[in-house]
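Engineer: This is the structure I have questions about; it appears just below.
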Amino acid sequence: MTSPSLGVDALRAMRNDRRRHRVADMEWFEALYKVYIAAFLGGSAILFLSGLSTDTPLTTQQMANLSANTPHAVGLIAAVVVFIGLRSGANGGPIAVEEPEVRHVLLAPLDHAAVLRHPAIQRLRTFAFAGAIAGGTANQLLGRRVPQTGTSLVMFALWGALAGALMGMLFIIAALIVHGLGFARWIATAIATALTGWQVVVTFNNSHVAGPFDTIGSISLWWLRHSYIDIVGVAAIVILTAFAIALAGRLSLEALSRRSSLVSQMKFAVTLQDIRTVVLLRRQLSQEHMRVKPWVKIPRVLRRDVVVGRGFRSMAHFPIRRVIRMLLLTITGAVALVSAWRGTTPAIVVAGLMFFIVGLDAVEPLSQEVDQPDRTDALPHDRGLLMVKHLLVPALFMFPFLVAGVVVAYIAEPHSNTIVYALLLGIPALLGGVAGAAINAVKGAPDPVGGANQGLALPPEVAGMTTMVRAVWPPAVAIVACAPVLATRHGFETGIDMLGNTLRAIGGVVILLILVGGWVRQRDAIHIWFRGIQDASKNSSTVGGN
Amino acid sequence: MVRTHRNVHSPVEHPALHVDDVSKTYGDAPALNPISISIAKGERVALIGHNGSGKTTMIRIASGLLDATTGEVKINGHEAGSLPARASLSFIADQPTFYDDLTLWEHLEYVARLHGVEEWEQSAADLLGHLGLYERADDMPNRFSRGLKQKAAIALGFIRPFDLLLVDEPFVGLDAAGKEALLELLADASEHGSTVIVATHELSFVHTVERVIALRDGRLVYDGDTSGINVDGLVRTEDPAGEHDGEQH
């Protein structure tokens with residue numbers, strides 16, 4: 001005997017039961033520890049950011065700039081968020097349900113809207129919350145620099161949180177609409193480019209014409225002035241939210257099925273700080289495949305060394321999407337370096353991270369080699385030398401991106417000196433990104449002595465710290481490689497030996513890059529040596545004990 | 001054996017599965033070239049072909065898990081993936097998946113009730129007994145071995161009512177008793193009027209069907225009864241010669 005009404009009831013009942021199971025199975029001590037760690041790290045990040053942004057009050061001119069440009073500038077961030085959301089939707093985002101949910105629930109004769117509405121709202125809530133935290137934090141940091149206006153920091157945080165929450169919601173709304181309406185990827189990209197382009201034009205031309213996302217920026221300024229037209233924007237977002245949620249039932253089963261397993265693998269990889277796996281899974285999620293036909297045939301002269309030739313061949317198969325992404329990241333990094341030159345010191349962190357991500361794509365031949373340790377171990381070659389050779393092509397591959405970065409710098413600072421300094425600063429910055437990515441790739445390689453830290457019996461706090469250092473130092477190398485711009489700025493501000501300052505700082509970065517190369521070359525030897533010391537120490541203590 | 005049937009019959013007699021000019025490409029790579037097939041109600045069909053021939057793609061498109069690049073698929077006259085199509089189709093995938101936090105018995109209850117089956121306990125007990133899983137009913141299927149997972153997936157496929165059963169490589173990993181049990185379940189489904197389509201290399205099943213559909217490199221290369229072709233040769237897909245193209249209907 002069958003009853004159609006049972007289906008949705010069964011779904012609700014089982015979801016409630018599973019929630020109860022999860023709560024019952026929860027390790028409360030562990031959960032509290034996670035909350036403690038999150039609060040500790042979050043608090044530390046806010047304190048760090050507070051330290052970076054000085055408390056020097058803004059001048060009248062700066063306040064005028066803030067009032068005039070914030071809607072456009074914050075709107076530009078919202079435009080980028082929507083751009084990513086639209087692309088995510090075209091690639092099957094933003095929802096990822098469990099694989100059994102696809103197989104058993106979504107193939108059951110239930111209305112998909114009834115099944116998927118809940119995860120869609122959950123995702124919307126999560127992003128709105130994350131956006132609210134980010135926006136609230138950013139605005140209260142700003143509030144510390146605003147001269148006495150009688151506005152409390154709470155109001156700064158409140159309007160920032162509202163703007164951030166709307167931004168987070170826009171990401172999910174954009175993705176759900178594109179996915180639900182089944183837009184082709186190129187249409188989504190065209191819409192995203194048009195909206196972002198519009199916002200870029202009004203932002204950089206100081207235009208009086210409103211950008212599509214100015215409302216978000218304007219709301220973040222409500223501590224200063226109330227622009228009631230913004231309420232229309234908020235109402236539009238609320239209507240779009242309802243529309244997007246209504247489309248949840250039209251999400252593609254194929255996309256949900258593909259994402260279900262990949263996203264769970266990706267979450268696992270993130271918990272292990274396995275960036276390489278995250279990169280590979282992200283490519284699968286966005287269906288980014290290598291070109292079958294290479295862009296160019298690699299000439300014989302470049303293939304004389306088999307490893308170098310293999311590197312060039314890999315680059316020749318890069319899909320256009322990857323190249324464009326690398327270009328956009330480089331441009332963003334270059335803009336961040338220009339910001340650092342103009343006085344925003346923390347921008348070097350953004351630049352370093354951008355170049356690190358570019359590097360992750362560029363070191364693909366090396367990463368592929370590390371992914372296949374059996375093959376590497378079977379070769380009659382020294383693994384360190386092989387890996388160092390794999391760095392040559394990615395380093396050369398950075399050249400066109402260097403040119404793009406120099407062009408960006410020249411557009412932002414149109415002086416003849418800009419080209420010279422952009423070249424001087426761009427080369428170590430991009431190579432730093434490659435070096436950071438190379439460290440990340442190589443540390444995933446098998447340890448020749450089966451784990452150099454094995455047997456050290458590190459206490460959990462130290463082991464946790466070691467894990468964190470391992471995760472942090474690859475991007476840190478990329479960030480340090482961007483630091484010479486600060487030396488250049490210092491030379492300019494003090495009027496003392498700007499070129500000398502720059503070259504000395506670059507020299508430091510070059511030494512760092514050589515050390516990284518040496519580490520890649522000698523990693524196996526270092527581990528063997530380290531294990532030898534450990535064994536010797538163990539033996540001597542055993543003898544002493546006897 | 002206790003088994004439930006959807007028995008939803010529209011006044012107009014539609015084929016159980018109608019595939020019209022369906023193709024599938026992944027990026028630039030074609031997985032399935034345009035194919036048209038019609039399978040009547042109650043037919044028992046083996047879908048065979050080399051690895052990578054497009055069997056799984058074909059079955060997943062019919063189940064609604066994959067979107068066809070071109071063409072349309074209808075299940076009992078309804079668009080594949082639509083609610084009425086999902087109601088009448090049961091799909092047993094080649095890679096079983098289960099929830100981490102439900103026992104096998106809870107899975108059976110959940111799937112049965114999702115499909116509107118109120119009295120499911122006896123069917124579930126019968127199925128588990130038949131497949132030799134009764135003692136494992138309170139265990140987590142996600143921790144089962146490959147063969148037991150396959151049996152659990154079969155139980156989930158049969159606990160719900162269906163008119164059309166799509167099964168992808170169901171014999172992989174099964175022991176002799178499991179294969180026997182599955183063959184009996186498939187025969188039982190046919191006897192009760194369900195259409196059964198199985199993608200398999202298992203000769204013991206292929207010899208029992210009325211119709212064989214063979215795919216190679218995403219193309220339909222044979223559609224007919226088992227007498228018209230050298231079934232053994234066709235099924236031995238590792239045979240590199242592959243000279244088994246039969247007539248096409």
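Letters for chains follow the order of the structure tokens (A, B, ...), residue numbers begin at 1 for each chain, and ligand numbers begin at 1 in the order shown.
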If you take only C-alpha atoms and a cut-off of 9 Å, which residues of chain B touch chain A, and what are their nearest atom pairs and distances in Å to one decimal, in chain and number order, as a tab-separated table?

Structural biologist:
```
residue	atom	partner	partner_atom	distance
B:Thr4	CA	A:Met1	CA	7.8
B:Arg6	CA	A:Thr2	CA	8.3
B:Tyr26	CA	A:Gln287	CA	9.0
B:Gly27	CA	A:His289	CA	8.1
B:Asp28	CA	A:Val292	CA	9.0
B:Ser63	CA	A:Leu107	CA	7.9
B:Gly64	CA	A:Leu253	CA	7.2
B:Leu65	CA	A:Glu254	CA	5.1
B:Leu66	CA	A:Glu254	CA	4.7
B:Asp67	CA	A:Glu254	CA	6.3
B:Gly81	CA	A:Leu107	CA	7.5
B:Ser82	CA	A:Pro109	CA	8.2
B:Leu83	CA	A:Pro109	CA	5.0
B:Pro84	CA	A:Pro109	CA	6.6
B:Ala85	CA	A:Pro109	CA	7.9
B:Arg86	CA	A:Pro109	CA	5.2
B:Ala87	CA	A:Pro109	CA	4.7
B:Ser88	CA	A:Pro109	CA	8.4
B:Leu89	CA	A:Leu107	CA	8.7
B:Ser90	CA	A:Leu107	CA	8.4
B:Phe91	CA	A:Leu107	CA	8.4
B:Ala93	CA	A:Arg103	CA	8.7
B:Pro96	CA	A:Pro100	CA	8.7
B:Thr97	CA	A:Pro100	CA	5.4
B:Phe98	CA	A:Pro100	CA	5.2
B:Tyr99	CA	A:Pro100	CA	5.8
B:Asp101	CA	A:Arg18	CA	7.3
B:Leu102	CA	A:Arg18	CA	8.2
B:Glu109	CA	A:Ala10	CA	8.9
B:Tyr110	CA	A:Ala10	CA	6.6
B:Val111	CA	A:His104	CA	6.4
B:Ala112	CA	A:Gly7	CA	8.6
B:Arg113	CA	A:Gly7	CA	5.7
B:Leu114	CA	A:Gly7	CA	3.8
B:His115	CA	A:Gly7	CA	5.6
B:Gly116	CA	A:Ser3	CA	4.4
B:Val117	CA	A:Thr2	CA	4.3
B:Glu118	CA	A:Thr2	CA	5.9
B:Glu119	CA	A:Met1	CA	6.5
B:Trp120	CA	A:Met1	CA	8.8
B:Leu156	CA	A:His104	CA	8.8
B:Pro161	CA	A:Thr2	CA	8.5
```

Engineer: Quick one: residues within 8 Å of B:Thr200, only C-alpha atoms counted, chain neighbours fewer than 2 positions away excluded, as a ChimeraX atom specification?

Structural biologist: /B:46-48,168-171,198,202,206

Engineer: Please dump the current selection as a PDB file, in the first residue's frame; keep C-alpha atoms.

Structural biologist:
```pdb
ATOM      1  CA  ALA B  46      20.605  -6.540 -21.191  1.00  0.00           C
ATOM      2  CA  LEU B  47      22.704  -3.488 -21.995  1.00  0.00           C
ATOM      3  CA  ILE B  48      26.187  -4.606 -22.901  1.00  0.00           C
ATOM      4  CA  ASP B 168      24.119  -0.786 -13.502  1.00  0.00           C
ATOM      5  CA  GLU B 169      26.673  -3.603 -13.118  1.00  0.00           C
ATOM      6  CA  PRO B 170      24.812  -5.248 -10.214  1.00  0.00           C
ATOM      7  CA  PHE B 171      26.795  -8.502 -10.195  1.00  0.00           C
ATOM      8  CA  VAL B 198      20.506  -4.318 -16.661  1.00  0.00           C
ATOM      9  CA  GLU B 202      27.226 -11.335 -16.527  1.00  0.00           C
ATOM     10  CA  VAL B 206      22.414 -12.067 -20.572  1.00  0.00           C
TER      11      VAL B 206
END
```

Engineer: Excluding same-chain residues fewer than 2 positions from A:Leu221, what lies within 8 Å of it counting only C-alpha atoms, as an MDAnalysis selection string?

Structural biologist: chainID A and resid 67 70:71 159:160 217:219 223:226

Engineer: Report, in Å to a single decimal, how far apart atom CA of A:Phe83 and atom CA of A:Thr189 are.

Structural biologist: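 Atom CA of A:Phe83 lies 7.7 Å from atom CA of A:Thr189.
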
Engineer: Going by DSSP on the backbone, which residues of stretch 198-405 of chain A come out as alpha helix (DSSP H)? List them as a PyMOL selection string.

Structural biologist: chain A and resi 198-204+214-220+230-246+253-271+275-285+306-316+320-342+347-362+364-371+373-378+383-397+399-405

Engineer: Quick one: of A:Val350, A:Val201, A:Ala163, A:Leu86, who's nearest to A:Ile237, counting only C-alpha atoms?

Structural biologist: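 Answer, going by the shortest atom-to-atom distance: A:Ala163.
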
Engineer: Which of these residues is nearest to A:Thr376, using only C-alpha atoms: A:Ala269, A:Val307, A:Val485, A:Leu66?

Structural biologist: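 Going through A:Ala269, A:Val307, A:Val485, A:Leu66 one by one, the smallest distance to A:Thr376 is for A:Val307.
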
Engineer: Could you give me, as a PDB file with N, CA and C atoms, in the first residue's frame, the residues within 8 Å of A:Arg185, counting only C-alpha atoms and dropping anything in the same chain fewer than 2 positions from it?

Structural biologist:
```pdb
ATOM      1  N   ARG A  87      29.324  32.705 -11.544  1.00  0.00           N
ATOM      2  CA  ARG A  87      30.157  31.628 -12.091  1.00  0.00           C
ATOM      3  C   ARG A  87      29.917  30.320 -11.336  1.00  0.00           C
ATOM      4  N   ALA A  90      26.768  28.779 -12.535  1.00  0.00           N
ATOM      5  CA  ALA A  90      26.915  28.169 -13.860  1.00  0.00           C
ATOM      6  C   ALA A  90      27.679  26.851 -13.775  1.00  0.00           C
ATOM      7  N   ASN A  91      28.497  26.715 -12.719  1.00  0.00           N
ATOM      8  CA  ASN A  91      29.250  25.466 -12.532  1.00  0.00           C
ATOM      9  C   ASN A  91      28.522  24.480 -11.635  1.00  0.00           C
ATOM     10  N   PHE A 183      21.253  28.796 -16.948  1.00  0.00           N
ATOM     11  CA  PHE A 183      22.041  29.619 -17.875  1.00  0.00           C
ATOM     12  C   PHE A 183      23.319  28.875 -18.272  1.00  0.00           C
ATOM     13  N   ILE A 187      26.873  32.648 -20.821  1.00  0.00           N
ATOM     14  CA  ILE A 187      25.884  33.709 -20.546  1.00  0.00           C
ATOM     15  C   ILE A 187      26.113  34.255 -19.132  1.00  0.00           C
ATOM     16  N   ALA A 188      26.335  33.331 -18.185  1.00  0.00           N
ATOM     17  CA  ALA A 188      26.595  33.762 -16.800  1.00  0.00           C
ATOM     18  C   ALA A 188      27.839  34.650 -16.749  1.00  0.00           C
ATOM     19  N   THR A 189      28.883  34.238 -17.482  1.00  0.00           N
ATOM     20  CA  THR A 189      30.125  35.024 -17.480  1.00  0.00           C
ATOM     21  C   THR A 189      29.884  36.394 -18.110  1.00  0.00           C
TER      22      THR A 189
END
```

Engineer: Give me, as a list in words, all polymer residues having an atom no more than 10 Å from A:Gln522, counting only C-alpha atoms and skipping those fewer than 5 positions away in the same chain.

Structural biologist: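 My list of contacting residues is Asp382, Arg383, Gly384, Leu385, Val388, Val516, Gly517, His527 and Ile528 of chain A.
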
Engineer: Might you pull out every residue within 9 Å of stretch 355-364 of chain A, with only C-alpha atoms counted and same-chain residues fewer than 5 positions away left off, and present them as a ChimeraX atom specification?

Structural biologist: /A:275-276,279,311,314-315,322-323,325-327,329-330,333,350,369,390-391,393-395,397-398,429-438,440-441,474-475,477-479

Engineer: Please, what distance in Å, to one decimal, runs between atom CA of A:Pro119 and atom CA of A:Leu247?

Structural biologist: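 Straight-line distance from atom CA of A:Pro119 to atom CA of A:Leu247 works out to 12.5 Å.
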
Engineer: Based on the backbone DSSP call, show me all residues of stretch 19-240 of chain B assigned strand (DSSP E or B), as a PyMOL selection string.

Structural biologist: chain B and resi 19-26+29-39+44-49+70-75+78-79+89-92+117+164-168+195-199+211-216+219-224

Engineer: Please identify all polymer residues within 6 Å of stretch 184-195 of chain B, counting only C-alpha atoms, omitting same-chain residues fewer than 6 positions from it, and present them as a list in words.

Structural biologist: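 With the cut-off at 6 Å, the set is Lys41, Gly42, Glu43, Arg44, Asp163 and Leu164 of chain B.
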
Engineer: Expressed in Å to a single decimal, how great is the separation between atom CA of B:Asp138 and atom CA of A:Ala24?

Structural biologist: 18.3 Å

Engineer: Given the choices B:Ala214, B:Leu108, B:Ile37, B:Ile61, which gets closest to B:Thr226 if the distance is worked out from only C-alpha atoms?

Structural biologist: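 Smallest distance to B:Thr226 is found for B:Ala214.
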